[in-house]
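The next block is model_31.csv, given as CSV, C-alpha atoms.
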```csv
chain,number,residue,atom,x,y,z
I,1071,MET,CA,105.3,80.8,111.7
I,1072,ARG,CA,102.7,83.6,111.0
I,1073,LYS,CA,105.5,85.7,109.5
I,1074,TYR,CA,106.7,82.8,107.3
I,1075,LEU,CA,103.1,82.1,106.1
I,1076,ALA,CA,102.6,85.8,105.3
I,1077,GLU,CA,105.8,85.8,103.2
I,1078,LEU,CA,104.6,82.6,101.4
I,1079,ILE,CA,101.2,84.1,100.6
I,1080,GLY,CA,102.6,87.4,99.5
I,1081,THR,CA,105.2,85.9,97.2
I,1082,PHE,CA,102.6,83.5,95.9
I,1083,VAL,CA,100.3,86.3,94.9
I,1084,LEU,CA,103.1,88.3,93.4
I,1085,VAL,CA,104.3,85.5,91.2
I,1086,PHE,CA,100.8,84.2,90.4
I,1087,VAL,CA,99.3,87.5,89.4
I,1088,GLY,CA,102.4,88.7,87.5
I,1089,THR,CA,103.2,85.6,85.5
I,1090,ALA,CA,99.5,84.8,84.8
I,1091,THR,CA,99.2,88.3,83.4
I,1092,VAL,CA,102.1,87.4,81.0
I,1093,THR,CA,101.0,84.0,80.0
I,1094,ILE,CA,97.2,83.9,80.3
I,1095,ALA,CA,96.1,87.6,79.9
I,1096,LYS,CA,98.9,88.3,77.4
I,1097,GLY,CA,99.4,91.7,78.9
I,1098,SER,CA,101.3,94.6,77.4
I,1099,THR,CA,104.5,95.9,79.0
I,1100,LEU,CA,102.6,98.4,81.0
I,1101,THR,CA,100.0,95.9,82.1
I,1102,ILE,CA,102.6,93.4,83.2
I,1103,GLY,CA,104.5,96.0,85.2
I,1104,LEU,CA,101.3,97.2,86.9
I,1105,ALA,CA,100.3,93.6,87.7
I,1106,PHE,CA,103.5,92.9,89.6
I,1107,GLY,CA,103.5,96.3,91.2
I,1108,LEU,CA,99.9,96.2,92.3
I,1109,ALA,CA,100.3,92.7,93.6
I,1110,VAL,CA,103.1,93.8,95.9
I,1111,THR,CA,101.0,96.8,97.0
I,1112,VAL,CA,98.0,94.7,97.8
I,1113,MET,CA,100.0,92.2,99.8
I,1114,ALA,CA,102.0,94.9,101.6
I,1115,TYR,CA,98.8,96.4,103.0
I,1116,SER,CA,97.2,93.1,103.8
I,1117,VAL,CA,100.0,90.8,105.2
I,1118,GLY,CA,102.9,93.3,105.3
I,1119,SER,CA,102.1,94.2,108.9
I,1120,ILE,CA,102.7,90.6,109.9
I,1121,SER,CA,106.1,90.0,108.2
I,1122,GLY,CA,107.2,93.3,106.9
I,1123,GLY,CA,106.1,92.4,103.4
I,1124,HIS,CA,109.4,91.4,101.8
I,1125,PHE,CA,108.2,88.8,99.3
I,1126,ASN,CA,111.7,88.8,97.8
I,1127,PRO,CA,115.0,87.3,99.0
I,1128,ALA,CA,116.9,90.4,97.8
I,1129,VAL,CA,114.8,92.6,100.1
I,1130,SER,CA,115.3,90.2,103.0
I,1131,LEU,CA,119.0,90.2,102.4
I,1132,ALA,CA,119.1,94.0,102.6
I,1133,MET,CA,117.1,93.9,105.8
I,1134,LEU,CA,119.5,91.3,107.3
I,1135,LEU,CA,122.5,93.4,106.4
I,1136,ASN,CA,120.9,96.5,108.0
I,1137,HIS,CA,120.0,94.6,111.1
I,1138,ARG,CA,116.3,94.8,110.7
I,1139,LEU,CA,116.0,91.0,110.3
I,1140,GLY,CA,117.7,88.2,112.2
I,1141,ILE,CA,119.5,85.3,110.5
I,1142,LYS,CA,116.9,82.8,111.7
I,1143,ASP,CA,114.0,84.8,110.2
I,1144,PHE,CA,116.1,85.5,107.1
I,1145,VAL,CA,116.4,81.8,106.4
I,1146,GLY,CA,112.7,81.2,107.2
I,1147,TYR,CA,111.6,84.2,105.0
I,1148,VAL,CA,113.7,83.0,102.0
I,1149,ILE,CA,112.4,79.4,102.2
I,1150,SER,CA,108.8,80.7,102.4
I,1151,GLN,CA,109.4,83.0,99.4
I,1152,PHE,CA,110.7,80.2,97.3
I,1153,VAL,CA,107.9,77.9,98.3
I,1154,GLY,CA,105.3,80.6,97.5
I,1155,ALA,CA,106.9,81.1,94.1
I,1156,ILE,CA,107.0,77.4,93.3
I,1157,LEU,CA,103.3,76.9,94.3
I,1158,ALA,CA,102.3,79.9,92.1
I,1159,SER,CA,104.2,78.6,89.1
I,1160,ALA,CA,102.7,75.2,89.5
I,1161,ILE,CA,99.2,76.6,89.4
I,1162,VAL,CA,100.0,78.8,86.4
I,1163,PHE,CA,101.5,75.7,84.7
I,1164,ASP,CA,98.3,73.8,85.2
I,1165,LEU,CA,96.1,76.7,84.0
I,1166,VAL,CA,98.2,77.2,80.9
I,1167,HIS,CA,98.0,73.5,80.2
I,1168,GLU,CA,94.2,73.6,80.6
I,1169,LEU,CA,94.0,76.3,78.0
I,1170,GLY,CA,96.0,74.3,75.6
I,1171,LEU,CA,98.8,76.8,75.5
I,1172,SER,CA,102.5,76.0,75.5
I,1173,THR,CA,103.9,75.2,78.9
I,1174,LYS,CA,107.3,76.5,77.8
I,1175,ASN,CA,106.0,80.0,78.3
I,1176,LEU,CA,105.3,80.5,82.0
I,1177,GLY,CA,106.4,84.0,82.5
I,1178,GLN,CA,110.0,83.0,83.1
I,1179,THR,CA,112.8,85.6,82.9
I,1180,ASP,CA,115.6,85.4,80.3
I,1181,PHE,CA,117.8,87.7,78.2
I,1182,PRO,CA,117.7,86.4,74.6
I,1183,ASN,CA,118.4,89.9,73.1
I,1184,ILE,CA,121.3,91.2,75.2
I,1185,SER,CA,124.6,89.9,76.5
I,1186,VAL,CA,125.2,88.2,79.9
I,1187,GLY,CA,127.1,91.4,81.0
I,1188,GLY,CA,124.3,93.6,79.9
I,1189,ALA,CA,121.7,91.4,81.7
I,1190,PHE,CA,123.8,91.3,84.9
I,1191,ILE,CA,124.1,95.1,84.9
I,1192,THR,CA,120.4,95.6,84.2
I,1193,GLU,CA,119.2,93.3,87.0
I,1194,THR,CA,121.7,94.6,89.5
I,1195,LEU,CA,120.7,98.2,88.7
I,1196,VAL,CA,117.0,97.9,88.8
I,1197,THR,CA,117.2,95.8,92.0
I,1198,PHE,CA,119.5,98.3,93.6
I,1199,LEU,CA,117.0,101.1,92.8
I,1200,PHE,CA,114.0,99.1,94.0
I,1201,VAL,CA,115.6,97.9,97.2
I,1202,LEU,CA,117.0,101.4,98.0
I,1203,VAL,CA,113.5,102.8,97.8
I,1204,ILE,CA,112.3,100.1,100.2
I,1205,VAL,CA,115.1,100.7,102.6
I,1206,LEU,CA,114.5,104.4,102.7
I,1207,VAL,CA,110.7,104.5,102.6
I,1208,THR,CA,110.5,102.0,105.5
I,1209,SER,CA,113.1,103.6,107.7
I,1210,LYS,CA,112.2,105.1,111.0
I,1211,LYS,CA,114.0,108.4,110.0
I,1212,TRP,CA,113.0,108.9,106.4
I,1213,GLY,CA,110.1,106.5,106.0
I,1214,ASN,CA,106.4,107.0,105.4
I,1215,ALA,CA,104.5,104.0,106.8
I,1216,ASN,CA,101.1,105.1,105.4
I,1217,PHE,CA,102.3,105.3,101.8
I,1218,ALA,CA,105.2,102.8,101.8
I,1219,GLY,CA,103.2,99.9,100.2
I,1220,LEU,CA,102.0,102.2,97.4
I,1221,ILE,CA,105.5,103.7,96.8
I,1222,ILE,CA,107.1,100.2,96.7
I,1223,GLY,CA,104.5,98.9,94.3
I,1224,ILE,CA,104.9,101.8,92.0
I,1225,THR,CA,108.7,101.5,92.0
I,1226,LEU,CA,108.5,97.8,91.2
I,1227,ALA,CA,106.1,98.5,88.3
I,1228,LEU,CA,108.5,101.1,86.9
I,1229,MET,CA,111.5,98.9,87.2
I,1230,ILE,CA,109.8,96.0,85.5
I,1231,ILE,CA,108.5,98.3,82.7
I,1232,VAL,CA,112.1,99.4,82.1
I,1233,ALA,CA,113.7,96.0,82.2
I,1234,LEU,CA,111.0,93.7,80.8
I,1235,ASN,CA,112.3,93.6,77.2
I,1236,LEU,CA,115.9,93.3,78.4
I,1237,THR,CA,115.9,90.7,81.1
I,1238,GLY,CA,112.2,90.0,81.9
I,1239,GLY,CA,112.5,92.4,84.8
I,1240,SER,CA,113.0,89.9,87.7
I,1241,LEU,CA,114.5,91.9,90.7
I,1242,ASN,CA,113.7,88.8,92.7
I,1243,PRO,CA,115.4,85.4,92.8
I,1244,ALA,CA,112.3,83.6,94.0
I,1245,ARG,CA,110.1,85.1,91.3
I,1246,SER,CA,112.5,83.8,88.6
I,1247,PHE,CA,113.0,80.4,90.1
I,1248,GLY,CA,109.3,79.3,90.2
I,1249,PRO,CA,108.7,79.7,86.4
I,1250,ALA,CA,112.2,78.5,85.5
I,1251,LEU,CA,111.7,75.3,87.5
I,1252,PHE,CA,108.6,74.3,85.4
I,1253,ALA,CA,109.6,75.9,82.0
I,1254,GLY,CA,113.2,74.6,82.1
I,1255,GLY,CA,115.5,75.5,79.1
I,1256,SER,CA,117.6,78.6,79.1
I,1257,ALA,CA,115.5,80.1,81.9
I,1258,MET,CA,116.9,77.5,84.3
I,1259,THR,CA,120.4,77.6,82.7
I,1260,HIS,CA,120.5,81.3,83.2
I,1261,TYR,CA,118.9,81.3,86.6
I,1262,TRP,CA,122.3,81.9,88.3
I,1263,LEU,CA,122.2,85.5,87.0
I,1264,TYR,CA,118.7,86.1,88.4
I,1265,LEU,CA,120.0,84.8,91.8
I,1266,VAL,CA,123.3,86.6,91.9
I,1267,ALA,CA,122.5,90.0,90.3
I,1268,PRO,CA,119.5,90.9,92.5
I,1269,LEU,CA,121.5,90.0,95.6
I,1270,VAL,CA,124.4,92.2,94.5
I,1271,GLY,CA,121.9,95.0,93.9
I,1272,ALA,CA,120.4,94.4,97.4
I,1273,VAL,CA,123.9,94.5,99.1
I,1274,LEU,CA,124.6,97.8,97.3
I,1275,ALA,CA,121.2,99.3,98.3
I,1276,ALA,CA,121.6,98.3,101.9
I,1277,GLY,CA,125.0,100.0,102.0
I,1278,VAL,CA,123.8,103.2,100.3
I,1279,GLY,CA,120.7,103.3,102.3
I,1280,ASN,CA,122.7,103.0,105.5
I,1281,TYR,CA,125.0,105.8,104.4
I,1282,LEU,CA,122.0,108.0,103.7
I,1283,GLY,CA,120.8,107.4,107.3
I,1284,SER,CA,118.1,104.8,106.8
I,1285,GLU,CA,119.2,103.0,110.0
I,1286,GLU,CA,119.7,106.1,112.3
```
Go ahead and express the file in the form of structure tokens.
Amino acid sequence: MRKYLAELIGTFVLVFVGTATVTIAKGSTLTIGLAFGLAVTVMAYSVGSISGGHFNPAVSLAMLLNHRLGIKDFVGYVISQFVGAILASAIVFDLVHELGLSTKNLGQTDFPNISVGGAFITETLVTFLFVLVIVLVTSKKWGNANFAGLIIGITLALMIIVALNLTGGSLNPARSFGPALFAGGSAMTHYWLYLVAPLVGAVLAAGVGNYLGSEE
């Protein structure tokens, strides 16, 4: 249960800090990217040693495929991640309401300016790159335990900066589900893409990482 609680807390902080930066702080693209990235870094160094610091179903799927995570823990991790995201979005919803701002903007992800195909490719690509870095930097052969949390956080920040104005830069099915649940609208209608595309990217990353020797 400690592992599951660590995943819940880590995902909560990721979604709370990131989406609050979007909705309450009204951050720039750079600020938003850094908020998500630094949240992951902080949680990786604080609770990551308990659970591995996934905070993302796509990451957990890659670890399952590469036999670093059992099926029972995979299910427990994913449930914990979604619960953490929902709790974070509930608090952001309340804070936005307290400020008298529109509760239709909760930092949800969507793609109003590009096609479904373009959005799917974008989310698959950025998730693939993100998860590939994680698979390699945490591997016994190629990894660097001392700097893994920092490298992962920087990578997430960079991928979000690139994708923010295209798809909202999710890379994480749980991160997208929390805000979409409370905001509704097209964010929920389009949620399928933020579920499927990151998982496809994670499967590709697990395979490529394995080919490069991450599991040797």
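Atom CA of I:Gln1151 is found 14.2 Å from atom CA of I:Ala1114.
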Review point. So which residues touch stretch 1137-1144 of chain I within 12 Å, counting all atoms listed in the file, skipping near sequence neighbours fewer than 4 positions away, as a PyMOL selection string?
Key: chain I and resi 1071-1075+1077+1121-1122+1124-1133+1148-1151+1205+1208-1210+1276-1277+1280+1284-1286
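As for atom CA of I:Ile1221 and atom CA of I:Gly1279, they are spaced 16.2 Å apart.
Distance annotation: of I:Gly1118, I:Gly1248, I:Gly1146, I:Gly1254, the residue with the minimal separation from I:Phe1082 is I:Gly1248; atom set is all atoms listed in the file.
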Given all atoms listed in the file as the counted atoms, nearest of I:Ser1246, I:Ser1116, I:Asn1136, I:Thr1237 to I:Gln1178
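Residue with the minimum atom-to-atom distance to I:Gln1178: I:Ser1246.
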Shortest contact to I:Leu1226, candidates I:Gly1097, I:Gly1103, I:Pro1268, I:Gly1088, atoms counted all atoms listed in the file, goes to I:Gly1103
Self-check item: d(atom CA of I:Ile1222, atom CA of I:Phe1200) in Å
Solution: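 Interatomic distance here is 7.5 Å.
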Worksheet entry | Contacts of stretch 1105-1113 of chain I at 12 Å (only C-alpha atoms; same-chain gap of 5+ positions) as a PyMOL selection string | chain I and resi 1076-1092+1095-1100+1118-1126+1177+1200+1204+1216-1231+1234+1238-1242+1245
With 9 Å as the cut-off and all atoms listed in the file counted, what is the closest atom pair between each nearby residue of stretch 1202-1273 of chain I and stretch 1162-1170 of chain I? Distances in Å to one decimal, ordered by chain and number, as JSON lines.
```
{"residue": "I:Pro1249", "atom": "CA", "partner": "I:Phe1163", "partner_atom": "CA", "distance": 8.4}
{"residue": "I:Phe1252", "atom": "CA", "partner": "I:Phe1163", "partner_atom": "CA", "distance": 7.3}
{"residue": "I:Ala1253", "atom": "CA", "partner": "I:Phe1163", "partner_atom": "CA", "distance": 8.5}
```
*asked:* Given only C-alpha atoms as the basis, pick out the residue of I:Leu1263, I:Leu1251, I:Val1117, I:Val1203 nearest to I:Ala1275.
replied: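 The shortest atom-to-atom distance to I:Ala1275 comes from I:Val1203.
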With distances taken over all atoms listed in the file, which residue among I:Leu1195, I:Leu1134, I:Thr1173, I:Ala1158 lies nearest I:Thr1093?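 Among the listed residues, the smallest separation from I:Thr1093 belongs to I:Thr1173.
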